$ cat structure39.txt   # compact mmCIF, C-alpha atoms and all ligand atoms
# COMPACT_ATOMS: atom_id res chain seq x y z
CA MET A 1 46.71 302.76 213.79
CA ASN A 2 45.81 300.19 216.44
CA VAL A 3 45.94 296.58 215.34
CA VAL A 4 46.22 293.03 216.58
CA LEU A 5 48.14 290.58 214.38
CA PHE A 6 46.33 287.35 215.03
CA GLY A 7 47.06 283.78 213.94
CA PRO A 8 48.35 280.39 214.99
CA PRO A 9 51.96 279.73 216.05
CA GLY A 10 54.18 280.09 212.98
CA ALA A 11 51.68 282.11 210.93
CA GLY A 12 54.27 284.86 210.50
CA LYS A 13 53.05 287.37 213.10
CA GLY A 14 56.53 288.26 214.29
CA THR A 15 58.01 288.39 210.79
CA GLN A 16 55.30 290.75 209.56
CA ALA A 17 55.01 292.83 212.73
CA LYS A 18 58.69 293.73 212.65
CA GLU A 19 58.43 295.10 209.09
CA LEU A 20 55.09 296.81 209.74
CA ALA A 21 56.47 298.56 212.83
CA LYS A 22 59.29 300.03 210.70
CA HIS A 23 56.97 300.94 207.84
CA TYR A 24 54.41 302.75 210.02
CA THR A 25 56.76 303.81 212.88
CA ILE A 26 54.63 302.35 215.63
CA PRO A 27 55.75 299.87 218.31
CA HIS A 28 55.65 296.10 217.81
CA ILE A 29 54.48 294.58 221.08
CA SER A 30 55.14 290.83 221.19
CA THR A 31 54.23 289.19 224.49
CA GLY A 32 56.31 286.16 223.47
CA ASP A 33 59.41 288.36 222.94
CA ILE A 34 58.82 290.16 226.27
CA LEU A 35 58.46 286.84 228.11
CA ARG A 36 61.58 285.36 226.42
CA ALA A 37 63.60 288.46 227.41
CA ASN A 38 62.49 287.87 231.02
CA VAL A 39 63.48 284.20 230.80
CA ARG A 40 66.96 285.21 229.55
CA GLU A 41 67.37 287.78 232.30
CA GLY A 42 66.17 285.33 234.95
CA THR A 43 63.53 287.67 236.40
CA ASP A 44 60.78 286.30 238.68
CA LEU A 45 58.37 286.64 235.78
CA GLY A 46 60.76 284.76 233.49
CA ILE A 47 61.24 281.91 235.97
CA ARG A 48 57.48 281.56 236.36
CA ALA A 49 56.71 281.85 232.62
CA ARG A 50 59.33 279.40 231.43
CA LYS A 51 57.57 276.41 232.99
CA TYR A 52 54.60 277.03 230.71
CA MET A 53 56.45 278.19 227.60
CA ASP A 54 58.77 275.20 227.29
CA LYS A 55 55.76 272.88 227.35
CA GLY A 56 53.80 274.90 224.81
CA GLU A 57 51.19 275.94 227.39
CA LEU A 58 49.84 279.45 227.91
CA VAL A 59 51.22 281.55 230.74
CA PRO A 60 48.35 282.41 233.19
CA ASP A 61 46.03 285.23 232.14
CA GLU A 62 46.65 287.43 235.20
CA VAL A 63 50.38 287.58 234.37
CA LEU A 64 49.74 288.58 230.75
CA ILE A 65 47.05 291.11 231.56
CA GLY A 66 49.34 292.97 233.98
CA LEU A 67 52.20 292.87 231.48
CA ILE A 68 50.19 294.22 228.54
CA SER A 69 48.47 296.86 230.62
CA ASN A 70 51.88 298.27 231.65
CA ARG A 71 53.26 298.09 228.12
CA LEU A 72 50.30 299.85 226.48
CA SER A 73 50.53 302.74 228.92
CA GLU A 74 54.09 303.56 227.80
CA PRO A 75 54.39 306.82 225.83
CA ASP A 76 55.42 305.23 222.51
CA CYS A 77 51.92 303.76 222.15
CA VAL A 78 50.26 307.17 221.71
CA SER A 79 50.75 306.93 217.94
CA GLY A 80 49.39 303.38 217.80
CA TYR A 81 50.56 299.81 218.29
CA ILE A 82 50.84 296.39 216.70
CA LEU A 83 50.00 293.61 219.14
CA ASP A 84 51.56 290.21 218.36
CA GLY A 85 50.64 287.18 220.48
CA TYR A 86 48.09 288.99 222.66
CA PRO A 87 45.20 288.38 223.28
CA ARG A 88 45.14 284.58 223.32
CA THR A 89 42.13 283.85 225.51
CA VAL A 90 38.67 285.38 226.02
CA PRO A 91 39.61 286.82 229.47
CA GLN A 92 42.69 288.47 227.86
CA ALA A 93 40.51 289.98 225.13
CA ASP A 94 37.98 291.25 227.69
CA ALA A 95 40.79 292.83 229.72
CA LEU A 96 42.23 294.43 226.58
CA ARG A 97 38.91 296.11 225.84
CA GLY A 98 38.97 297.75 229.26
CA ILE A 99 42.62 298.83 228.98
CA LEU A 100 42.11 300.32 225.50
CA GLU A 101 39.02 302.20 226.62
CA GLN A 102 41.00 303.75 229.46
CA ILE A 103 43.78 304.96 227.16
CA SER A 104 41.29 305.90 224.39
CA LYS A 105 43.06 303.79 221.76
CA PRO A 106 40.40 301.31 220.56
CA LEU A 107 41.28 298.63 218.04
CA ASP A 108 40.96 299.44 214.33
CA ALA A 109 41.34 295.86 213.14
CA VAL A 110 42.30 292.31 214.06
CA VAL A 111 44.32 290.94 211.14
CA ASN A 112 43.91 287.17 211.05
CA ILE A 113 46.81 285.49 209.20
CA GLU A 114 45.59 282.13 207.85
CA VAL A 115 48.06 279.27 207.22
CA SER A 116 47.47 275.49 207.03
CA ASP A 117 48.66 273.26 209.90
CA GLU A 118 51.05 271.40 207.60
CA GLU A 119 52.77 274.64 206.58
CA LEU A 120 52.88 275.87 210.21
CA VAL A 121 54.80 272.78 211.29
CA LYS A 122 57.30 273.27 208.44
CA ARG A 123 57.79 276.94 209.33
CA LEU A 124 58.26 276.34 213.05
CA SER A 125 60.52 273.32 212.80
CA GLY A 126 62.86 275.22 210.46
CA ARG A 127 62.86 278.50 212.35
CA ARG A 128 66.08 279.87 213.82
CA SER A 129 65.88 282.81 216.21
CA CYS A 130 68.16 285.55 217.49
CA ASN A 131 68.07 287.28 220.86
CA CYS A 132 67.82 290.63 219.06
CA GLY A 133 64.32 289.65 217.88
CA GLU A 134 65.12 288.63 214.30
CA SER A 135 64.06 285.22 213.08
CA TYR A 136 64.96 283.16 210.04
CA HIS A 137 64.03 279.90 208.36
CA ILE A 138 66.60 277.38 207.21
CA ALA A 139 64.85 276.97 203.84
CA PHE A 140 62.37 279.86 203.39
CA ASN A 141 64.41 282.75 204.77
CA PRO A 142 67.99 281.66 205.46
CA PRO A 143 70.49 284.09 207.03
CA GLN A 144 73.35 285.33 204.80
CA LYS A 145 75.84 283.37 206.90
CA GLU A 146 74.56 280.04 208.19
CA GLY A 147 73.96 280.09 211.95
CA TYR A 148 74.46 283.85 212.39
CA CYS A 149 72.09 286.82 212.53
CA ASN A 150 72.21 289.24 209.54
CA VAL A 151 71.45 292.19 211.79
CA CYS A 152 73.60 291.77 214.91
CA GLY A 153 75.95 288.89 214.00
CA ASN A 154 75.08 286.81 217.09
CA ASP A 155 74.58 283.02 217.02
CA LEU A 156 71.13 281.83 216.03
CA TYR A 157 69.35 279.23 218.16
CA GLN A 158 66.32 276.97 217.96
CA ARG A 159 63.55 277.88 220.43
CA GLU A 160 62.78 275.17 223.05
CA ASP A 161 59.15 275.26 221.94
CA ASP A 162 60.07 274.70 218.27
CA MET A 163 60.65 270.98 218.86
CA GLU A 164 58.10 268.91 216.94
CA GLU A 165 56.25 267.57 220.00
CA VAL A 166 55.90 271.01 221.56
CA ILE A 167 54.77 272.47 218.21
CA ARG A 168 51.84 270.00 218.18
CA GLN A 169 50.92 271.01 221.72
CA ARG A 170 51.03 274.74 220.82
CA LEU A 171 48.74 274.12 217.85
CA ALA A 172 46.31 272.20 220.10
CA VAL A 173 46.32 275.03 222.66
CA TYR A 174 45.73 277.54 219.84
CA ASN A 175 42.70 275.57 218.57
CA ASP A 176 41.25 275.18 222.04
CA LYS A 177 41.89 278.55 223.72
CA THR A 178 42.79 281.14 221.08
CA LYS A 179 40.84 280.30 217.92
CA PRO A 180 37.50 281.16 219.62
CA LEU A 181 38.65 284.80 219.53
CA ILE A 182 38.01 284.79 215.76
CA ASP A 183 34.26 284.64 216.52
CA TYR A 184 34.70 287.14 219.36
CA TYR A 185 36.26 289.73 217.04
CA THR A 186 34.00 288.85 214.10
CA ASP A 187 31.05 289.78 216.34
CA MET A 188 32.76 293.12 217.04
CA GLY A 189 33.21 293.69 213.28
CA LEU A 190 37.01 293.80 213.60
CA ILE A 191 38.30 290.65 211.86
CA VAL A 192 40.06 290.97 208.51
CA ASN A 193 41.40 287.70 207.04
CA VAL A 194 44.72 287.56 205.20
CA ASP A 195 46.05 284.63 203.20
CA GLY A 196 49.31 283.85 204.99
CA ALA A 197 50.44 281.10 202.63
CA GLY A 198 52.29 283.30 200.13
CA SER A 199 55.72 284.91 200.34
CA VAL A 200 56.67 287.25 203.20
CA GLU A 201 56.42 290.16 200.71
CA SER A 202 52.96 289.22 199.45
CA VAL A 203 51.57 288.85 202.98
CA PHE A 204 53.15 292.20 203.87
CA SER A 205 51.45 294.00 200.99
CA GLN A 206 48.07 292.46 201.87
CA ILE A 207 48.41 293.72 205.45
CA CYS A 208 49.56 297.18 204.32
CA ARG A 209 46.44 297.51 202.17
CA ILE A 210 44.39 296.96 205.33
CA MET A 211 46.47 299.18 207.62
CA ASP A 212 46.63 302.06 205.13
CA GLN A 213 42.90 302.54 205.74
CA TYR A 214 43.61 303.55 209.34
CA LYS A 215 46.49 305.99 208.80
P1 LIG B 301 54.94 283.52 220.94
O1 LIG B 301 56.34 283.93 220.91
O2 LIG B 301 53.88 284.54 220.72
O3 LIG B 301 54.77 282.33 219.90
P2 LIG B 301 53.57 281.91 218.92
O4 LIG B 301 52.29 282.63 218.97
O5 LIG B 301 53.48 280.46 219.17
O6 LIG B 301 54.01 282.33 217.55
P3 LIG B 301 55.40 282.23 216.93
O7 LIG B 301 56.28 283.31 217.43
O8 LIG B 301 55.90 280.82 217.08
O9 LIG B 301 55.03 282.42 215.39
P4 LIG B 301 54.89 283.75 214.51
O10 LIG B 301 53.49 283.83 214.03
O11 LIG B 301 55.47 284.95 215.18
O12 LIG B 301 55.78 283.30 213.28
P5 LIG B 301 57.20 283.86 212.74
O13 LIG B 301 57.01 285.19 212.14
O14 LIG B 301 58.27 283.69 213.74
O15 LIG B 301 54.60 282.78 222.31
C1 LIG B 301 55.47 281.83 222.85
C2 LIG B 301 54.94 281.35 224.20
O16 LIG B 301 54.87 282.45 225.13
C3 LIG B 301 53.51 280.76 224.19
O17 LIG B 301 53.48 279.42 223.84
C4 LIG B 301 53.09 281.01 225.65
O18 LIG B 301 53.65 280.06 226.50
C5 LIG B 301 53.71 282.36 225.95
N1 LIG B 301 52.80 283.48 225.64
C6 LIG B 301 53.03 284.50 224.76
N2 LIG B 301 51.97 285.32 224.70
C7 LIG B 301 51.06 284.83 225.57
C8 LIG B 301 49.75 285.22 225.94
N3 LIG B 301 49.16 286.31 225.42
N4 LIG B 301 49.08 284.47 226.87
C9 LIG B 301 49.65 283.38 227.42
N5 LIG B 301 50.88 282.94 227.11
C10 LIG B 301 51.59 283.66 226.19
O19 LIG B 301 57.42 282.82 211.53
C11 LIG B 301 57.65 281.44 211.79
C12 LIG B 301 58.68 280.89 210.80
O20 LIG B 301 58.15 280.95 209.48
C13 LIG B 301 60.00 281.69 210.75
O21 LIG B 301 61.03 280.78 210.55
C14 LIG B 301 59.83 282.59 209.52
O22 LIG B 301 61.07 282.89 208.91
C15 LIG B 301 58.96 281.74 208.61
N6 LIG B 301 58.02 282.52 207.79
C16 LIG B 301 57.29 283.61 208.19
N7 LIG B 301 56.51 284.05 207.18
C17 LIG B 301 56.74 283.20 206.13
C18 LIG B 301 56.24 283.12 204.78
N8 LIG B 301 55.31 284.01 204.33
N9 LIG B 301 56.70 282.13 203.99
C19 LIG B 301 57.61 281.25 204.44
N10 LIG B 301 58.14 281.26 205.68
C20 LIG B 301 57.70 282.23 206.52
MG MG B 302 56.37 285.29 217.07
ZN ZN B 303 70.30 289.34 215.85
$ encode --input "structure39.txt" --output "structure tokens"
Amino acid sequence: MNVVLFGPPGAGKGTQAKELAKHYTIPHISTGDILRANVREGTDLGIRARKYMDKGELVPDEVLIGLISNRLSEPDCVSGYILDGYPRTVPQADALRGILEQISKPLDAVVNIEVSDEELVKRLSGRRSCNCGESYHIAFNPPQKEGYCNVCGNDLYQREDDMEEVIRQRLAVYNDKTKPLIDYYTDMGLIVNVDGAGSVESVFSQICRIMDQYK
């Protein structure tokens, strides 16, 4: 099962991908999570990426292409993968085609999670994140104990790029650079649209109905 979870910032890619990875026992590959781990560890990649991330800009394509190429060649991807946050530009999608051909793991589907801009802003401005990869929402999905992660107990924090001004910039970058990939993958016959406005559970069951076809 080889899928891309596609959608604007705040659509619920990370929330869904985490559950889907457990359900189907395949890796969840989030370029955003990988970059944030590098920022925390202060690696050269993290130092370079942070300048873009904090402003809501995309990190340069050549950085992302190298990163995803390495990740997809790791052994856990033999049974499939769920990509979250990659590709985000046409050059990234072109590079992905080449990488997937080489490892003989072509895409089964690109699941496009659709959510209105108004709802995206609400979701992102209320999100609280944990370094372990979990994320919550102060109103829609609050943690059991306010301010702390249900899974690991660590303090939750608000991402730098979840400030209202940066959210607007991320949505603009999505519309300009990433949204054109919907046509790109429609032309390849891979796009499947999902209504992302419902509950986490209802979106999950819509996506499972799609992914079950590729088991
Ligand atoms: P990244 O981490 O990928 O951020 P993003 O795409 O902007 O998406 P988000 O993680 O913000 O949203 P999500 O769809 O995962 O939503 P979530 O499930 O958390 O990228 C960050 C940055 O890294 C980029 O800006 C860029 O700089 C860089 N980067 C990463 N990849 C790159 C690439 N390929 N090329 C270049 N640069 C790259 O949900 C959001 C909130 O809503 C949560 O609070 C959640 O609890 C809540 N929620 C989720 N589902 C529901 C629901 N159904 N109902 C109610 N609330 C919900
Ligand atoms: Mg995410
Ligand atoms: Zn945690």
$ residues_near_ligand --input "structure39.txt" --ligand "ligand MG 302 (chain B)" --cutoff "8 Å" --atoms "only C-alpha atoms and all ligand atoms" --output "CSV table (one decimal) with C-alpha atoms, keeping the file's coordinate frame"
chain,number,residue,atom,x,y,z
A,9,PRO,CA,52.0,279.7,216.0
A,10,GLY,CA,54.2,280.1,213.0
A,12,GLY,CA,54.3,284.9,210.5
A,13,LYS,CA,53.0,287.4,213.1
A,14,GLY,CA,56.5,288.3,214.3
A,15,THR,CA,58.0,288.4,210.8
A,30,SER,CA,55.1,290.8,221.2
A,32,GLY,CA,56.3,286.2,223.5
A,33,ASP,CA,59.4,288.4,222.9
A,84,ASP,CA,51.6,290.2,218.4
A,85,GLY,CA,50.6,287.2,220.5
$ residues_around --input "structure39.txt" --residues "Asp212 (chain A)" --least-positions-apart "6" --cutoff "12 Å" --atoms "only C-alpha atoms" --output "number ranges by chain"
A: 1-3, 20, 23-24, 108-109, 204-206
$ write_last_selection --input "structure39.txt" --atoms "C-alpha atoms" --output "PDB file, in the coordinates of the input"
ATOM      1  CA  MET A   1      46.710 302.760 213.790  1.00  0.00           C
ATOM      2  CA  ASN A   2      45.810 300.190 216.440  1.00  0.00           C
ATOM      3  CA  VAL A   3      45.940 296.580 215.340  1.00  0.00           C
ATOM      4  CA  LEU A  20      55.090 296.810 209.740  1.00  0.00           C
ATOM      5  CA  HIS A  23      56.970 300.940 207.840  1.00  0.00           C
ATOM      6  CA  TYR A  24      54.410 302.750 210.020  1.00  0.00           C
ATOM      7  CA  ASP A 108      40.960 299.440 214.330  1.00  0.00           C
ATOM      8  CA  ALA A 109      41.340 295.860 213.140  1.00  0.00           C
ATOM      9  CA  PHE A 204      53.150 292.200 203.870  1.00  0.00           C
ATOM     10  CA  SER A 205      51.450 294.000 200.990  1.00  0.00           C
ATOM     11  CA  GLN A 206      48.070 292.460 201.870  1.00  0.00           C
TER      12      GLN A 206
END
$ closest_residue --input "structure39.txt" --among "A:Arg36, A:Arg209, A:Lys179, A:Lys215" --to "Arg88 (chain A)" --atoms "all atoms listed in the file"
A:Lys179
$ closest_residue --input "structure39.txt" --among "A:Thr89, A:Lys55, A:Tyr148, A:Asp161" --to "Lys177 (chain A)" --atoms "all atoms listed in the file"
A:Thr89
$ residues_near_ligand --input "structure39.txt" --ligand "ligand ZN 303 (chain B)" --cutoff "7 Å" --atoms "all atoms listed in the file" --output "list in words"
Cys130, Asn131, Cys132, Gly133, Glu134, Cys149, Asn150, Val151, Cys152, Gly153 and Asn154 of chain A
$ closest_atom_pairs --input "structure39.txt" --of "chain A" --to "ligand LIG 301 (chain B)" --cutoff "7 Å" --atoms "all atoms listed in the file" --output "JSON lines"
{"residue": "A:Gly7", "atom": "CA", "partner": "B:LIG301", "partner_atom": "O10", "distance": 6.4}
{"residue": "A:Pro8", "atom": "CA", "partner": "B:LIG301", "partner_atom": "O4", "distance": 6.0}
{"residue": "A:Pro9", "atom": "CA", "partner": "B:LIG301", "partner_atom": "O5", "distance": 3.5}
{"residue": "A:Gly10", "atom": "CA", "partner": "B:LIG301", "partner_atom": "O9", "distance": 3.5}
{"residue": "A:Ala11", "atom": "CA", "partner": "B:LIG301", "partner_atom": "O10", "distance": 4.0}
{"residue": "A:Gly12", "atom": "CA", "partner": "B:LIG301", "partner_atom": "O13", "distance": 3.2}
{"residue": "A:Lys13", "atom": "CA", "partner": "B:LIG301", "partner_atom": "O10", "distance": 3.7}
{"residue": "A:Gly14", "atom": "CA", "partner": "B:LIG301", "partner_atom": "O11", "distance": 3.6}
{"residue": "A:Thr15", "atom": "CA", "partner": "B:LIG301", "partner_atom": "O13", "distance": 3.6}
{"residue": "A:Gln16", "atom": "CA", "partner": "B:LIG301", "partner_atom": "O13", "distance": 6.4}
{"residue": "A:Ser30", "atom": "CA", "partner": "B:LIG301", "partner_atom": "O2", "distance": 6.4}
{"residue": "A:Thr31", "atom": "CA", "partner": "B:LIG301", "partner_atom": "N2", "distance": 4.5}
{"residue": "A:Gly32", "atom": "CA", "partner": "B:LIG301", "partner_atom": "O1", "distance": 3.4}
{"residue": "A:Asp33", "atom": "CA", "partner": "B:LIG301", "partner_atom": "O1", "distance": 5.8}
{"residue": "A:Leu35", "atom": "CA", "partner": "B:LIG301", "partner_atom": "O16", "distance": 6.4}
{"residue": "A:Tyr52", "atom": "CA", "partner": "B:LIG301", "partner_atom": "O18", "distance": 5.3}
{"residue": "A:Met53", "atom": "CA", "partner": "B:LIG301", "partner_atom": "O18", "distance": 3.5}
{"residue": "A:Gly56", "atom": "CA", "partner": "B:LIG301", "partner_atom": "O17", "distance": 4.6}
{"residue": "A:Glu57", "atom": "CA", "partner": "B:LIG301", "partner_atom": "O18", "distance": 4.9}
{"residue": "A:Leu58", "atom": "CA", "partner": "B:LIG301", "partner_atom": "N5", "distance": 3.7}
{"residue": "A:Val59", "atom": "CA", "partner": "B:LIG301", "partner_atom": "N5", "distance": 3.9}
{"residue": "A:Pro60", "atom": "CA", "partner": "B:LIG301", "partner_atom": "C9", "distance": 6.0}
{"residue": "A:Asp61", "atom": "CA", "partner": "B:LIG301", "partner_atom": "N4", "distance": 6.1}
{"residue": "A:Leu64", "atom": "CA", "partner": "B:LIG301", "partner_atom": "N4", "distance": 5.7}
{"residue": "A:Asp84", "atom": "CA", "partner": "B:LIG301", "partner_atom": "O2", "distance": 6.6}
{"residue": "A:Gly85", "atom": "CA", "partner": "B:LIG301", "partner_atom": "O2", "distance": 4.2}
{"residue": "A:Tyr86", "atom": "CA", "partner": "B:LIG301", "partner_atom": "N3", "distance": 4.0}
{"residue": "A:Pro87", "atom": "CA", "partner": "B:LIG301", "partner_atom": "N3", "distance": 5.0}
{"residue": "A:Arg88", "atom": "CA", "partner": "B:LIG301", "partner_atom": "N3", "distance": 4.9}
{"residue": "A:Arg123", "atom": "CA", "partner": "B:LIG301", "partner_atom": "O20", "distance": 4.0}
{"residue": "A:Leu124", "atom": "CA", "partner": "B:LIG301", "partner_atom": "C12", "distance": 5.1}
{"residue": "A:Gly126", "atom": "CA", "partner": "B:LIG301", "partner_atom": "O21", "distance": 5.9}
{"residue": "A:Arg127", "atom": "CA", "partner": "B:LIG301", "partner_atom": "O21", "distance": 3.4}
{"residue": "A:Arg128", "atom": "CA", "partner": "B:LIG301", "partner_atom": "O21", "distance": 6.1}
{"residue": "A:Ser135", "atom": "CA", "partner": "B:LIG301", "partner_atom": "O22", "distance": 5.6}
{"residue": "A:Tyr136", "atom": "CA", "partner": "B:LIG301", "partner_atom": "O22", "distance": 4.1}
{"residue": "A:His137", "atom": "CA", "partner": "B:LIG301", "partner_atom": "O21", "distance": 3.8}
{"residue": "A:Phe140", "atom": "CA", "partner": "B:LIG301", "partner_atom": "N10", "distance": 5.0}
{"residue": "A:Asn141", "atom": "CA", "partner": "B:LIG301", "partner_atom": "O22", "distance": 5.3}
{"residue": "A:Arg170", "atom": "CA", "partner": "B:LIG301", "partner_atom": "O17", "distance": 6.1}
{"residue": "A:Gly196", "atom": "CA", "partner": "B:LIG301", "partner_atom": "N8", "distance": 6.0}
{"residue": "A:Ala197", "atom": "CA", "partner": "B:LIG301", "partner_atom": "N8", "distance": 5.9}
{"residue": "A:Gly198", "atom": "CA", "partner": "B:LIG301", "partner_atom": "N8", "distance": 5.2}
{"residue": "A:Ser199", "atom": "CA", "partner": "B:LIG301", "partner_atom": "N8", "distance": 4.1}
{"residue": "A:Val200", "atom": "CA", "partner": "B:LIG301", "partner_atom": "N8", "distance": 3.7}
{"residue": "A:Val203", "atom": "CA", "partner": "B:LIG301", "partner_atom": "N8", "distance": 6.3}
$ residues_around --input "structure39.txt" --residues "Tyr81 (chain A)" --least-positions-apart "5" --cutoff "9 Å" --atoms "only C-alpha atoms" --output "ChimeraX atom specification"
/A:1-4,21,26-29,72,76
$ closest_residue --input "structure39.txt" --among "A:Thr43, A:Ser125, A:Ser73, A:Ser104" --to "Glu165 (chain A)" --atoms "only C-alpha atoms"
A:Ser125
$ closest_residue --input "structure39.txt" --among "A:Tyr184, A:Leu171, A:Glu146, A:Leu45" --to "Glu118 (chain A)" --atoms "only C-alpha atoms"
A:Leu171
$ atom_distance --input "structure39.txt" --atom1 "CA of Ser129 (chain A)" --atom2 "CA of Asp155 (chain A)"
8.7 Å
$ decode --input "structure39.txt" --residues "region 157-168 of chain A" --atoms "N, CA, C and O atoms" --output "compact mmCIF listing (two decimals), in the first residue's frame"
# COMPACT_ATOMS: atom_id res chain seq x y z
N TYR A 157 3.46 22.07 23.23
CA TYR A 157 3.87 23.42 22.84
C TYR A 157 3.13 23.83 21.57
O TYR A 157 2.53 22.99 20.89
N GLN A 158 3.15 25.15 21.30
CA GLN A 158 2.53 25.64 20.08
C GLN A 158 3.63 25.84 19.03
O GLN A 158 4.65 26.49 19.30
N ARG A 159 3.47 25.24 17.85
CA ARG A 159 4.48 25.38 16.81
C ARG A 159 4.65 26.84 16.42
O ARG A 159 3.68 27.57 16.36
N GLU A 160 5.92 27.24 16.14
CA GLU A 160 6.22 28.63 15.70
C GLU A 160 5.35 29.02 14.50
O GLU A 160 4.91 30.15 14.39
N ASP A 161 5.13 28.04 13.62
CA ASP A 161 4.40 28.37 12.38
C ASP A 161 2.88 28.25 12.56
O ASP A 161 2.14 28.35 11.61
N ASP A 162 2.43 28.05 13.81
CA ASP A 162 0.98 28.06 14.07
C ASP A 162 0.49 29.40 14.61
O ASP A 162 -0.60 29.50 15.15
N MET A 163 1.31 30.45 14.46
CA MET A 163 0.85 31.80 14.78
C MET A 163 0.05 32.30 13.57
O MET A 163 0.41 32.01 12.42
N GLU A 164 -1.01 33.07 13.88
CA GLU A 164 -1.97 33.43 12.82
C GLU A 164 -1.34 33.97 11.54
O GLU A 164 -1.70 33.57 10.43
N GLU A 165 -0.35 34.87 11.68
CA GLU A 165 0.25 35.47 10.48
C GLU A 165 0.97 34.43 9.64
O GLU A 165 0.92 34.45 8.40
N VAL A 166 1.67 33.52 10.32
CA VAL A 166 2.42 32.48 9.58
C VAL A 166 1.44 31.48 8.95
O VAL A 166 1.67 30.97 7.86
N ILE A 167 0.32 31.23 9.63
CA ILE A 167 -0.69 30.32 9.06
C ILE A 167 -1.17 30.86 7.71
O ILE A 167 -1.23 30.12 6.72
N ARG A 168 -1.45 32.16 7.65
CA ARG A 168 -1.90 32.78 6.38
C ARG A 168 -0.85 32.59 5.29
O ARG A 168 -1.17 32.30 4.14
